[in-house]
file final.cif (mmCIF, N, CA and C atoms)
data_run
#
loop_
_atom_site.label_atom_id
_atom_site.label_comp_id
_atom_site.auth_asym_id
_atom_site.auth_seq_id
_atom_site.Cartn_x
_atom_site.Cartn_y
_atom_site.Cartn_z
N MET A 2 128.97 81.35 89.42
CA MET A 2 127.70 81.54 90.09
C MET A 2 126.61 80.82 89.30
N LYS A 3 125.82 80.04 90.00
CA LYS A 3 124.72 79.31 89.37
C LYS A 3 123.46 80.16 89.41
N ILE A 4 122.81 80.30 88.28
CA ILE A 4 121.57 81.07 88.19
C ILE A 4 120.41 80.11 88.01
N GLN A 5 119.43 80.24 88.87
CA GLN A 5 118.25 79.39 88.78
C GLN A 5 117.35 79.92 87.68
N THR A 6 117.04 79.08 86.69
CA THR A 6 116.23 79.54 85.57
C THR A 6 114.80 79.03 85.62
N ASN A 7 114.54 78.02 86.41
CA ASN A 7 113.16 77.56 86.55
C ASN A 7 112.89 77.28 88.03
N CYS A 8 111.67 77.39 88.38
CA CYS A 8 111.31 77.19 89.77
C CYS A 8 109.88 76.69 89.80
N LYS A 9 109.66 75.62 90.49
CA LYS A 9 108.33 75.04 90.57
C LYS A 9 107.73 75.35 91.94
N TRP A 10 106.49 75.80 91.94
CA TRP A 10 105.79 76.06 93.20
C TRP A 10 105.61 74.73 93.92
N MET A 11 105.96 74.73 95.19
CA MET A 11 105.82 73.53 96.01
C MET A 11 104.60 73.71 96.92
N PRO A 12 103.68 72.76 96.90
CA PRO A 12 102.48 72.90 97.73
C PRO A 12 102.80 72.79 99.21
N PRO A 13 101.96 73.39 100.03
CA PRO A 13 102.13 73.23 101.48
C PRO A 13 101.65 71.84 101.90
N PRO A 14 101.96 71.45 103.13
CA PRO A 14 101.43 70.17 103.63
C PRO A 14 99.90 70.19 103.68
N ALA A 15 99.30 69.03 103.72
CA ALA A 15 97.84 68.93 103.80
C ALA A 15 97.31 69.71 105.00
N GLY A 16 96.23 70.44 104.77
CA GLY A 16 95.62 71.23 105.83
C GLY A 16 96.26 72.59 106.04
N CYS A 17 97.27 72.89 105.27
CA CYS A 17 98.01 74.15 105.39
C CYS A 17 97.74 74.99 104.14
N ILE A 18 97.82 76.30 104.27
CA ILE A 18 97.74 77.18 103.11
C ILE A 18 99.10 77.84 102.91
N LYS A 19 99.35 78.25 101.67
CA LYS A 19 100.59 78.96 101.36
C LYS A 19 100.21 80.30 100.75
N ILE A 20 100.87 81.34 101.24
CA ILE A 20 100.61 82.70 100.81
C ILE A 20 101.89 83.28 100.23
N ASN A 21 101.83 83.65 98.96
CA ASN A 21 102.96 84.31 98.31
C ASN A 21 102.60 85.77 98.13
N SER A 22 103.52 86.65 98.49
CA SER A 22 103.27 88.09 98.33
C SER A 22 104.41 88.72 97.55
N ASP A 23 104.10 89.84 96.91
CA ASP A 23 105.11 90.56 96.14
C ASP A 23 104.62 91.99 95.93
N VAL A 24 105.53 92.81 95.44
CA VAL A 24 105.24 94.22 95.17
C VAL A 24 105.76 94.55 93.78
N ALA A 25 105.02 95.37 93.08
CA ALA A 25 105.47 95.88 91.78
C ALA A 25 105.43 97.41 91.84
N PHE A 26 106.42 98.00 91.24
CA PHE A 26 106.51 99.46 91.18
C PHE A 26 106.43 99.91 89.74
N ASN A 27 105.79 101.06 89.52
CA ASN A 27 105.98 101.77 88.27
C ASN A 27 106.27 103.21 88.65
N GLU A 28 106.34 104.08 87.69
CA GLU A 28 106.85 105.42 87.98
C GLU A 28 106.02 106.22 88.98
N ASP A 29 104.74 105.93 89.13
CA ASP A 29 103.96 106.77 90.05
C ASP A 29 103.22 106.01 91.15
N LYS A 30 103.40 104.69 91.26
CA LYS A 30 102.74 103.98 92.35
C LYS A 30 103.38 102.62 92.61
N ALA A 31 103.03 102.07 93.76
CA ALA A 31 103.45 100.72 94.13
C ALA A 31 102.19 99.90 94.38
N VAL A 32 102.22 98.65 93.97
CA VAL A 32 101.08 97.76 94.16
C VAL A 32 101.55 96.50 94.88
N ALA A 33 100.92 96.21 96.00
CA ALA A 33 101.19 94.99 96.76
C ALA A 33 100.18 93.93 96.34
N ALA A 34 100.64 92.70 96.23
CA ALA A 34 99.74 91.61 95.85
C ALA A 34 100.07 90.37 96.65
N PHE A 35 99.06 89.54 96.84
CA PHE A 35 99.29 88.24 97.45
C PHE A 35 98.32 87.24 96.88
N ILE A 36 98.71 85.99 96.95
CA ILE A 36 97.88 84.89 96.47
C ILE A 36 97.91 83.79 97.51
N VAL A 37 96.75 83.22 97.80
CA VAL A 37 96.62 82.17 98.82
C VAL A 37 96.19 80.89 98.10
N ARG A 38 96.96 79.81 98.34
CA ARG A 38 96.63 78.53 97.72
C ARG A 38 96.65 77.41 98.77
N ASN A 39 95.89 76.37 98.48
CA ASN A 39 95.88 75.21 99.37
C ASN A 39 96.86 74.15 98.88
N GLN A 40 96.85 72.98 99.51
CA GLN A 40 97.81 71.93 99.17
C GLN A 40 97.64 71.39 97.76
N ASP A 41 96.48 71.62 97.14
CA ASP A 41 96.24 71.19 95.77
C ASP A 41 96.59 72.27 94.75
N GLY A 42 97.05 73.42 95.23
CA GLY A 42 97.37 74.53 94.34
C GLY A 42 96.15 75.37 93.98
N PHE A 43 95.00 75.03 94.55
CA PHE A 43 93.77 75.77 94.27
C PHE A 43 93.87 77.17 94.88
N ILE A 44 93.57 78.18 94.08
CA ILE A 44 93.63 79.56 94.55
C ILE A 44 92.41 79.86 95.40
N LEU A 45 92.65 80.18 96.66
CA LEU A 45 91.58 80.51 97.60
C LEU A 45 91.29 82.00 97.61
N LEU A 46 92.32 82.80 97.37
CA LEU A 46 92.20 84.25 97.40
C LEU A 46 93.38 84.86 96.68
N ALA A 47 93.12 85.89 95.91
CA ALA A 47 94.19 86.68 95.28
C ALA A 47 93.75 88.13 95.33
N GLU A 48 94.66 88.99 95.71
CA GLU A 48 94.29 90.39 95.88
C GLU A 48 95.48 91.29 95.59
N SER A 49 95.19 92.46 95.09
CA SER A 49 96.23 93.48 94.94
C SER A 49 95.67 94.80 95.45
N ILE A 50 96.58 95.63 95.95
CA ILE A 50 96.16 96.91 96.52
C ILE A 50 97.28 97.92 96.34
N GLU A 51 96.90 99.14 96.01
CA GLU A 51 97.89 100.20 95.89
C GLU A 51 98.37 100.59 97.28
N ILE A 52 99.68 100.75 97.41
CA ILE A 52 100.25 101.17 98.69
C ILE A 52 101.07 102.42 98.48
N PHE A 53 101.26 103.14 99.55
CA PHE A 53 101.91 104.45 99.44
C PHE A 53 103.26 104.45 100.14
N THR A 54 104.21 103.81 99.50
CA THR A 54 105.61 103.86 99.91
C THR A 54 106.45 103.60 98.67
N TYR A 55 107.60 104.18 98.63
CA TYR A 55 108.49 103.95 97.49
C TYR A 55 109.76 103.25 97.91
N ASP A 56 109.79 102.75 99.14
CA ASP A 56 110.91 101.95 99.61
C ASP A 56 110.56 100.48 99.39
N ALA A 57 111.38 99.76 98.66
CA ALA A 57 111.06 98.38 98.28
C ALA A 57 110.88 97.47 99.49
N SER A 58 111.76 97.55 100.47
CA SER A 58 111.65 96.67 101.64
C SER A 58 110.39 96.96 102.45
N LEU A 59 110.08 98.23 102.62
CA LEU A 59 108.85 98.59 103.34
C LEU A 59 107.62 98.13 102.58
N ALA A 60 107.65 98.25 101.26
CA ALA A 60 106.52 97.81 100.44
C ALA A 60 106.33 96.30 100.55
N GLU A 61 107.42 95.55 100.51
CA GLU A 61 107.33 94.08 100.64
C GLU A 61 106.78 93.70 102.01
N LEU A 62 107.24 94.39 103.04
CA LEU A 62 106.74 94.15 104.40
C LEU A 62 105.25 94.46 104.48
N ARG A 63 104.84 95.55 103.89
CA ARG A 63 103.42 95.92 103.90
C ARG A 63 102.58 94.88 103.18
N ALA A 64 103.08 94.34 102.07
CA ALA A 64 102.36 93.29 101.35
C ALA A 64 102.14 92.06 102.24
N ILE A 65 103.18 91.70 102.99
CA ILE A 65 103.05 90.57 103.92
C ILE A 65 102.04 90.89 105.01
N ARG A 66 102.10 92.10 105.56
CA ARG A 66 101.15 92.47 106.62
C ARG A 66 99.71 92.42 106.12
N ILE A 67 99.47 92.92 104.94
CA ILE A 67 98.11 92.89 104.37
C ILE A 67 97.64 91.44 104.23
N ALA A 68 98.52 90.57 103.73
CA ALA A 68 98.16 89.16 103.58
C ALA A 68 97.89 88.51 104.94
N VAL A 69 98.72 88.81 105.93
CA VAL A 69 98.53 88.27 107.28
C VAL A 69 97.16 88.68 107.82
N GLU A 70 96.82 89.94 107.66
CA GLU A 70 95.53 90.42 108.17
C GLU A 70 94.36 89.77 107.44
N LYS A 71 94.50 89.53 106.13
CA LYS A 71 93.41 88.93 105.35
C LYS A 71 93.18 87.47 105.69
N VAL A 72 94.24 86.72 105.97
CA VAL A 72 94.06 85.28 106.21
C VAL A 72 93.93 84.94 107.69
N ASN A 73 94.05 85.91 108.55
CA ASN A 73 93.95 85.65 109.99
C ASN A 73 92.50 85.33 110.36
N SER A 74 92.23 84.05 110.55
CA SER A 74 90.90 83.61 110.98
C SER A 74 91.07 82.31 111.77
N PRO A 75 90.07 81.96 112.57
CA PRO A 75 90.20 80.79 113.44
C PRO A 75 90.53 79.48 112.70
N ASP A 76 90.14 79.37 111.45
CA ASP A 76 90.39 78.12 110.72
C ASP A 76 91.71 78.13 109.95
N LYS A 77 92.53 79.14 110.14
CA LYS A 77 93.81 79.25 109.43
C LYS A 77 94.98 79.13 110.40
N ASP A 78 95.05 78.01 111.10
CA ASP A 78 96.13 77.81 112.07
C ASP A 78 97.47 77.47 111.43
N ASP A 79 97.44 76.86 110.25
CA ASP A 79 98.67 76.45 109.58
C ASP A 79 98.81 77.21 108.27
N ALA A 80 99.85 78.03 108.20
CA ALA A 80 100.07 78.84 107.00
C ALA A 80 101.57 79.07 106.80
N ILE A 81 101.95 79.15 105.55
CA ILE A 81 103.33 79.47 105.17
C ILE A 81 103.28 80.73 104.33
N PHE A 82 103.95 81.78 104.78
CA PHE A 82 104.04 83.04 104.05
C PHE A 82 105.39 83.09 103.36
N GLU A 83 105.37 83.32 102.05
CA GLU A 83 106.61 83.39 101.29
C GLU A 83 106.73 84.74 100.60
N SER A 84 107.95 85.25 100.61
CA SER A 84 108.26 86.53 99.97
C SER A 84 109.67 86.44 99.40
N ASP A 85 109.91 87.21 98.35
CA ASP A 85 111.27 87.25 97.80
C ASP A 85 112.10 88.35 98.44
N SER A 86 111.60 88.97 99.50
CA SER A 86 112.32 90.03 100.20
C SER A 86 113.01 89.48 101.45
N ALA A 87 114.33 89.31 101.36
CA ALA A 87 115.10 88.83 102.52
C ALA A 87 115.00 89.82 103.68
N VAL A 88 114.99 91.11 103.37
CA VAL A 88 114.94 92.13 104.41
C VAL A 88 113.62 92.05 105.18
N ALA A 89 112.50 91.99 104.47
CA ALA A 89 111.19 91.93 105.13
C ALA A 89 111.07 90.68 105.99
N ILE A 90 111.49 89.54 105.48
CA ILE A 90 111.41 88.30 106.25
C ILE A 90 112.31 88.37 107.48
N LYS A 91 113.48 88.95 107.34
CA LYS A 91 114.39 89.09 108.49
C LYS A 91 113.78 90.01 109.54
N TRP A 92 113.17 91.11 109.12
CA TRP A 92 112.52 92.02 110.07
C TRP A 92 111.45 91.29 110.88
N ILE A 93 110.69 90.43 110.22
CA ILE A 93 109.59 89.72 110.88
C ILE A 93 110.11 88.63 111.82
N THR A 94 111.05 87.84 111.35
CA THR A 94 111.44 86.63 112.06
C THR A 94 112.58 86.80 113.05
N ASN A 95 113.29 87.90 112.98
CA ASN A 95 114.45 88.10 113.86
C ASN A 95 114.19 89.28 114.80
N PRO A 96 113.78 89.01 116.03
CA PRO A 96 113.45 90.10 116.95
C PRO A 96 114.63 91.01 117.29
N THR A 97 115.85 90.53 117.08
CA THR A 97 117.02 91.38 117.37
C THR A 97 117.42 92.25 116.19
N GLU A 98 116.80 92.02 115.04
CA GLU A 98 117.10 92.82 113.85
C GLU A 98 116.57 94.24 114.05
N GLU A 99 117.39 95.20 113.76
CA GLU A 99 117.01 96.62 113.90
C GLU A 99 116.37 97.08 112.60
N PRO A 100 115.04 97.18 112.56
CA PRO A 100 114.37 97.55 111.30
C PRO A 100 114.41 99.06 111.05
N ASP A 101 114.07 99.41 109.84
CA ASP A 101 113.83 100.79 109.50
C ASP A 101 112.70 101.27 110.40
N ARG A 102 112.81 102.45 110.93
CA ARG A 102 111.79 102.96 111.86
C ARG A 102 110.39 102.97 111.25
N ALA A 103 110.33 103.24 109.96
CA ALA A 103 109.03 103.28 109.27
C ALA A 103 108.38 101.90 109.21
N ALA A 104 109.15 100.85 109.46
CA ALA A 104 108.63 99.48 109.39
C ALA A 104 108.03 99.00 110.70
N THR A 105 108.21 99.75 111.76
CA THR A 105 107.83 99.30 113.10
C THR A 105 106.37 98.88 113.20
N PHE A 106 105.44 99.70 112.70
CA PHE A 106 104.02 99.36 112.82
C PHE A 106 103.70 98.04 112.14
N ASP A 107 104.17 97.87 110.90
CA ASP A 107 103.89 96.65 110.15
C ASP A 107 104.46 95.42 110.86
N ILE A 108 105.69 95.53 111.34
CA ILE A 108 106.33 94.41 112.04
C ILE A 108 105.56 94.06 113.31
N GLU A 109 105.23 95.06 114.10
CA GLU A 109 104.50 94.80 115.35
C GLU A 109 103.14 94.17 115.09
N GLU A 110 102.46 94.62 114.05
CA GLU A 110 101.14 94.06 113.72
C GLU A 110 101.27 92.60 113.29
N ILE A 111 102.25 92.29 112.45
CA ILE A 111 102.46 90.90 112.02
C ILE A 111 102.79 90.03 113.23
N ARG A 112 103.71 90.48 114.06
CA ARG A 112 104.11 89.70 115.24
C ARG A 112 102.97 89.53 116.24
N ARG A 113 102.12 90.54 116.37
CA ARG A 113 100.97 90.46 117.29
C ARG A 113 100.04 89.32 116.85
N ILE A 114 99.76 89.26 115.57
CA ILE A 114 98.89 88.20 115.05
C ILE A 114 99.60 86.85 115.11
N TRP A 115 100.88 86.84 114.74
CA TRP A 115 101.67 85.60 114.72
C TRP A 115 101.75 84.97 116.11
N GLU A 116 101.73 85.78 117.14
CA GLU A 116 101.77 85.27 118.51
C GLU A 116 100.64 84.28 118.78
N TYR A 117 99.48 84.50 118.14
CA TYR A 117 98.32 83.63 118.32
C TYR A 117 98.26 82.53 117.27
N ARG A 118 99.19 82.52 116.35
CA ARG A 118 99.26 81.53 115.27
C ARG A 118 100.67 80.93 115.24
N PRO A 119 101.07 80.19 116.27
CA PRO A 119 102.46 79.72 116.36
C PRO A 119 102.87 78.76 115.24
N ASN A 120 101.93 78.18 114.53
CA ASN A 120 102.27 77.28 113.42
C ASN A 120 102.53 78.01 112.11
N TRP A 121 102.30 79.30 112.09
CA TRP A 121 102.60 80.06 110.87
C TRP A 121 104.10 80.14 110.68
N LYS A 122 104.52 80.11 109.41
CA LYS A 122 105.93 80.23 109.06
C LYS A 122 106.11 81.35 108.05
N PHE A 123 107.23 82.02 108.14
CA PHE A 123 107.58 83.09 107.20
C PHE A 123 108.93 82.73 106.61
N ARG A 124 109.01 82.71 105.27
CA ARG A 124 110.29 82.37 104.67
C ARG A 124 110.53 83.11 103.37
N LYS A 125 111.81 83.26 103.10
CA LYS A 125 112.27 83.94 101.89
C LYS A 125 112.41 82.89 100.79
N ILE A 126 111.94 83.24 99.60
CA ILE A 126 112.09 82.37 98.44
C ILE A 126 112.74 83.17 97.32
N PRO A 127 113.35 82.50 96.34
CA PRO A 127 113.94 83.23 95.20
C PRO A 127 112.86 83.97 94.41
N ARG A 128 113.25 85.10 93.87
CA ARG A 128 112.31 85.92 93.09
C ARG A 128 111.66 85.12 91.97
N LEU A 129 112.42 84.27 91.31
CA LEU A 129 111.87 83.48 90.20
C LEU A 129 110.77 82.53 90.65
N CYS A 130 110.74 82.21 91.93
CA CYS A 130 109.71 81.30 92.46
C CYS A 130 108.45 82.05 92.89
N ASN A 131 108.44 83.35 92.75
CA ASN A 131 107.33 84.16 93.24
C ASN A 131 106.56 84.81 92.09
N GLY A 132 106.63 84.20 90.93
CA GLY A 132 106.07 84.80 89.72
C GLY A 132 104.57 85.01 89.74
N LEU A 133 103.81 84.07 90.28
CA LEU A 133 102.36 84.21 90.26
C LEU A 133 101.91 85.39 91.12
N ALA A 134 102.50 85.56 92.28
CA ALA A 134 102.15 86.70 93.13
C ALA A 134 102.55 88.00 92.45
N HIS A 135 103.68 88.00 91.76
CA HIS A 135 104.12 89.21 91.07
C HIS A 135 103.15 89.60 89.96
N GLY A 136 102.49 88.60 89.37
CA GLY A 136 101.59 88.87 88.27
C GLY A 136 100.17 89.25 88.66
N VAL A 137 99.84 89.16 89.95
CA VAL A 137 98.46 89.45 90.39
C VAL A 137 98.11 90.90 90.17
#
call {"tool": "encode", "arguments": {"input": "final.cif", "output": "structure tokens"}}
result
Amino acid sequence: MKIQTNCKWMPPPAGCIKINSDVAFNEDKAVAAFIVRNQDGFILLAESIEIFTYDASLAELRAIRIAVEKVNSPDKDDAIFESDSAVAIKWITNPTEEPDRAATFDIEEIRRIWEYRPNWKFRKIPRLCNGLAHGV
């Protein structure tokens, strides 16, 4: 098995923004974070917020939903959302996937906004490539 030890952030295409989200847990709380960068790597927005769930997949999904809501504006037609959670990305991008019932609201909200932003993309990236969002 090959283990990836380094990972370089790849910028989005010109005119597009890239949003990386992640969640960190400690013994008594979970914190969702996201970072928004442009094609030059310039940080446009970085935010973290305490969330109230102890399920990792639900927390990752919630982090994506918060980021989606924050960047949803008329001038943000092209965006790439990246997360290291395969489950959360699958819930969002695969309408036939049967999600955890607790995830329904977050998924529906993301898809409702995404319907009006057809150029948005959601993709899973390796955990090692999501370090900056994890550190927010």
call {"tool": "closest_atom_pairs", "arguments": {"input": "final.cif", "of": "stretch 79-128 of chain A", "to": "stretch 23-45 of chain A", "cutoff": "8 Å", "atoms": "only N, CA and C atoms", "output": "Markdown table"}}
result
| residue | atom | partner | partner_atom | distance |
| --- | --- | --- | --- | --- |
| A:Glu83 | C | A:Asp23 | N | 6.8 |
| A:Ser84 | CA | A:Asp23 | N | 6.1 |
| A:Asp85 | N | A:Asp23 | CA | 6.3 |
| A:Ser86 | N | A:Asp23 | CA | 7.5 |
call {"tool": "closest_residue", "arguments": {"input": "final.cif", "among": "A:Ile111, A:Ser22, A:Tyr117, A:Glu61", "to": "A:Val88", "atoms": "only N, CA and C atoms"}}
result
A:Glu61
call {"tool": "closest_residue", "arguments": {"input": "final.cif", "among": "A:Asn73, A:Ala89, A:Pro127, A:Asp101", "to": "A:Ile114", "atoms": "all atoms listed in the file"}}
result
A:Asn73
call {"tool": "select_by_dssp", "arguments": {"input": "final.cif", "residues": "chain A", "states": "strand (DSSP E)", "output": "PDB file with N, CA and C atoms, keeping the file's coordinate frame"}}
result
ATOM      1  N   ILE A  18      97.820  76.300 104.270  1.00  0.00           N
ATOM      2  CA  ILE A  18      97.740  77.180 103.110  1.00  0.00           C
ATOM      3  C   ILE A  18      99.100  77.840 102.910  1.00  0.00           C
ATOM      4  N   LYS A  19      99.350  78.250 101.670  1.00  0.00           N
ATOM      5  CA  LYS A  19     100.590  78.960 101.360  1.00  0.00           C
ATOM      6  C   LYS A  19     100.210  80.300 100.750  1.00  0.00           C
ATOM      7  N   ILE A  20     100.870  81.340 101.240  1.00  0.00           N
ATOM      8  CA  ILE A  20     100.610  82.700 100.810  1.00  0.00           C
ATOM      9  C   ILE A  20     101.890  83.280 100.230  1.00  0.00           C
ATOM     10  N   ASN A  21     101.830  83.650  98.960  1.00  0.00           N
ATOM     11  CA  ASN A  21     102.960  84.310  98.310  1.00  0.00           C
ATOM     12  C   ASN A  21     102.600  85.770  98.130  1.00  0.00           C
ATOM     13  N   SER A  22     103.520  86.650  98.490  1.00  0.00           N
ATOM     14  CA  SER A  22     103.270  88.090  98.330  1.00  0.00           C
ATOM     15  C   SER A  22     104.410  88.720  97.550  1.00  0.00           C
ATOM     16  N   ASP A  23     104.100  89.840  96.910  1.00  0.00           N
ATOM     17  CA  ASP A  23     105.110  90.560  96.140  1.00  0.00           C
ATOM     18  C   ASP A  23     104.620  91.990  95.930  1.00  0.00           C
ATOM     19  N   VAL A  24     105.530  92.810  95.440  1.00  0.00           N
ATOM     20  CA  VAL A  24     105.240  94.220  95.170  1.00  0.00           C
ATOM     21  C   VAL A  24     105.760  94.550  93.780  1.00  0.00           C
ATOM     22  N   ALA A  25     105.020  95.370  93.080  1.00  0.00           N
ATOM     23  CA  ALA A  25     105.470  95.880  91.780  1.00  0.00           C
ATOM     24  C   ALA A  25     105.430  97.410  91.840  1.00  0.00           C
ATOM     25  N   PHE A  26     106.420  98.000  91.240  1.00  0.00           N
ATOM     26  CA  PHE A  26     106.510  99.460  91.180  1.00  0.00           C
ATOM     27  C   PHE A  26     106.430  99.910  89.740  1.00  0.00           C
ATOM     28  N   ASN A  27     105.790 101.060  89.520  1.00  0.00           N
ATOM     29  CA  ASN A  27     105.980 101.770  88.270  1.00  0.00           C
ATOM     30  C   ASN A  27     106.270 103.210  88.650  1.00  0.00           C
ATOM     31  N   LYS A  30     103.400 104.690  91.260  1.00  0.00           N
ATOM     32  CA  LYS A  30     102.740 103.980  92.350  1.00  0.00           C
ATOM     33  C   LYS A  30     103.380 102.620  92.610  1.00  0.00           C
ATOM     34  N   ALA A  31     103.030 102.070  93.760  1.00  0.00           N
ATOM     35  CA  ALA A  31     103.450 100.720  94.130  1.00  0.00           C
ATOM     36  C   ALA A  31     102.190  99.900  94.380  1.00  0.00           C
ATOM     37  N   VAL A  32     102.220  98.650  93.970  1.00  0.00           N
ATOM     38  CA  VAL A  32     101.080  97.760  94.160  1.00  0.00           C
ATOM     39  C   VAL A  32     101.550  96.500  94.880  1.00  0.00           C
ATOM     40  N   ALA A  33     100.920  96.210  96.000  1.00  0.00           N
ATOM     41  CA  ALA A  33     101.190  94.990  96.760  1.00  0.00           C
ATOM     42  C   ALA A  33     100.180  93.930  96.340  1.00  0.00           C
ATOM     43  N   ALA A  34     100.640  92.700  96.230  1.00  0.00           N
ATOM     44  CA  ALA A  34      99.740  91.610  95.850  1.00  0.00           C
ATOM     45  C   ALA A  34     100.070  90.370  96.650  1.00  0.00           C
ATOM     46  N   PHE A  35      99.060  89.540  96.840  1.00  0.00           N
ATOM     47  CA  PHE A  35      99.290  88.240  97.450  1.00  0.00           C
ATOM     48  C   PHE A  35      98.320  87.240  96.880  1.00  0.00           C
ATOM     49  N   ILE A  36      98.710  85.990  96.950  1.00  0.00           N
ATOM     50  CA  ILE A  36      97.880  84.890  96.470  1.00  0.00           C
ATOM     51  C   ILE A  36      97.910  83.790  97.510  1.00  0.00           C
ATOM     52  N   VAL A  37      96.750  83.220  97.800  1.00  0.00           N
ATOM     53  CA  VAL A  37      96.620  82.170  98.820  1.00  0.00           C
ATOM     54  C   VAL A  37      96.190  80.890  98.100  1.00  0.00           C
ATOM     55  N   ARG A  38      96.960  79.810  98.340  1.00  0.00           N
ATOM     56  CA  ARG A  38      96.630  78.530  97.720  1.00  0.00           C
ATOM     57  C   ARG A  38      96.650  77.410  98.770  1.00  0.00           C
ATOM     58  N   ILE A  44      93.570  78.180  94.080  1.00  0.00           N
ATOM     59  CA  ILE A  44      93.630  79.560  94.550  1.00  0.00           C
ATOM     60  C   ILE A  44      92.410  79.860  95.400  1.00  0.00           C
ATOM     61  N   LEU A  45      92.650  80.180  96.660  1.00  0.00           N
ATOM     62  CA  LEU A  45      91.580  80.510  97.600  1.00  0.00           C
ATOM     63  C   LEU A  45      91.290  82.000  97.610  1.00  0.00           C
ATOM     64  N   LEU A  46      92.320  82.800  97.370  1.00  0.00           N
ATOM     65  CA  LEU A  46      92.200  84.250  97.400  1.00  0.00           C
ATOM     66  C   LEU A  46      93.380  84.860  96.680  1.00  0.00           C
ATOM     67  N   ALA A  47      93.120  85.890  95.910  1.00  0.00           N
ATOM     68  CA  ALA A  47      94.190  86.680  95.280  1.00  0.00           C
ATOM     69  C   ALA A  47      93.750  88.130  95.330  1.00  0.00           C
ATOM     70  N   GLU A  48      94.660  88.990  95.710  1.00  0.00           N
ATOM     71  CA  GLU A  48      94.290  90.390  95.880  1.00  0.00           C
ATOM     72  C   GLU A  48      95.480  91.290  95.590  1.00  0.00           C
ATOM     73  N   SER A  49      95.190  92.460  95.090  1.00  0.00           N
ATOM     74  CA  SER A  49      96.230  93.480  94.940  1.00  0.00           C
ATOM     75  C   SER A  49      95.670  94.800  95.450  1.00  0.00           C
ATOM     76  N   ILE A  50      96.580  95.630  95.950  1.00  0.00           N
ATOM     77  CA  ILE A  50      96.160  96.910  96.520  1.00  0.00           C
ATOM     78  C   ILE A  50      97.280  97.920  96.340  1.00  0.00           C
ATOM     79  N   GLU A  51      96.900  99.140  96.010  1.00  0.00           N
ATOM     80  CA  GLU A  51      97.890 100.200  95.890  1.00  0.00           C
ATOM     81  C   GLU A  51      98.370 100.590  97.280  1.00  0.00           C
ATOM     82  N   ILE A  52      99.680 100.750  97.410  1.00  0.00           N
ATOM     83  CA  ILE A  52     100.250 101.170  98.690  1.00  0.00           C
ATOM     84  C   ILE A  52     101.070 102.420  98.480  1.00  0.00           C
ATOM     85  N   ALA A  80      99.850  78.030 108.200  1.00  0.00           N
ATOM     86  CA  ALA A  80     100.070  78.840 107.000  1.00  0.00           C
ATOM     87  C   ALA A  80     101.570  79.070 106.800  1.00  0.00           C
ATOM     88  N   ILE A  81     101.950  79.150 105.550  1.00  0.00           N
ATOM     89  CA  ILE A  81     103.330  79.470 105.170  1.00  0.00           C
ATOM     90  C   ILE A  81     103.280  80.730 104.330  1.00  0.00           C
ATOM     91  N   PHE A  82     103.950  81.780 104.780  1.00  0.00           N
ATOM     92  CA  PHE A  82     104.040  83.040 104.050  1.00  0.00           C
ATOM     93  C   PHE A  82     105.390  83.090 103.360  1.00  0.00           C
ATOM     94  N   GLU A  83     105.370  83.320 102.050  1.00  0.00           N
ATOM     95  CA  GLU A  83     106.610  83.390 101.290  1.00  0.00           C
ATOM     96  C   GLU A  83     106.730  84.740 100.600  1.00  0.00           C
ATOM     97  N   SER A  84     107.950  85.250 100.610  1.00  0.00           N
ATOM     98  CA  SER A  84     108.260  86.530  99.970  1.00  0.00           C
ATOM     99  C   SER A  84     109.670  86.440  99.400  1.00  0.00           C
ATOM    100  N   LYS A 122     104.520  80.110 109.410  1.00  0.00           N
ATOM    101  CA  LYS A 122     105.930  80.230 109.060  1.00  0.00           C
ATOM    102  C   LYS A 122     106.110  81.350 108.050  1.00  0.00           C
ATOM    103  N   PHE A 123     107.230  82.020 108.140  1.00  0.00           N
ATOM    104  CA  PHE A 123     107.580  83.090 107.200  1.00  0.00           C
ATOM    105  C   PHE A 123     108.930  82.730 106.610  1.00  0.00           C
ATOM    106  N   ARG A 124     109.010  82.710 105.270  1.00  0.00           N
ATOM    107  CA  ARG A 124     110.290  82.370 104.670  1.00  0.00           C
ATOM    108  C   ARG A 124     110.530  83.110 103.370  1.00  0.00           C
ATOM    109  N   LYS A 125     111.810  83.260 103.100  1.00  0.00           N
ATOM    110  CA  LYS A 125     112.270  83.940 101.890  1.00  0.00           C
ATOM    111  C   LYS A 125     112.410  82.890 100.790  1.00  0.00           C
TER     112      LYS A 125
END
call {"tool": "atom_distance", "arguments": {"input": "final.cif", "atom1": "atom C of A:Ile20", "atom2": "atom C of A:Phe82"}}
result
4.7 Å
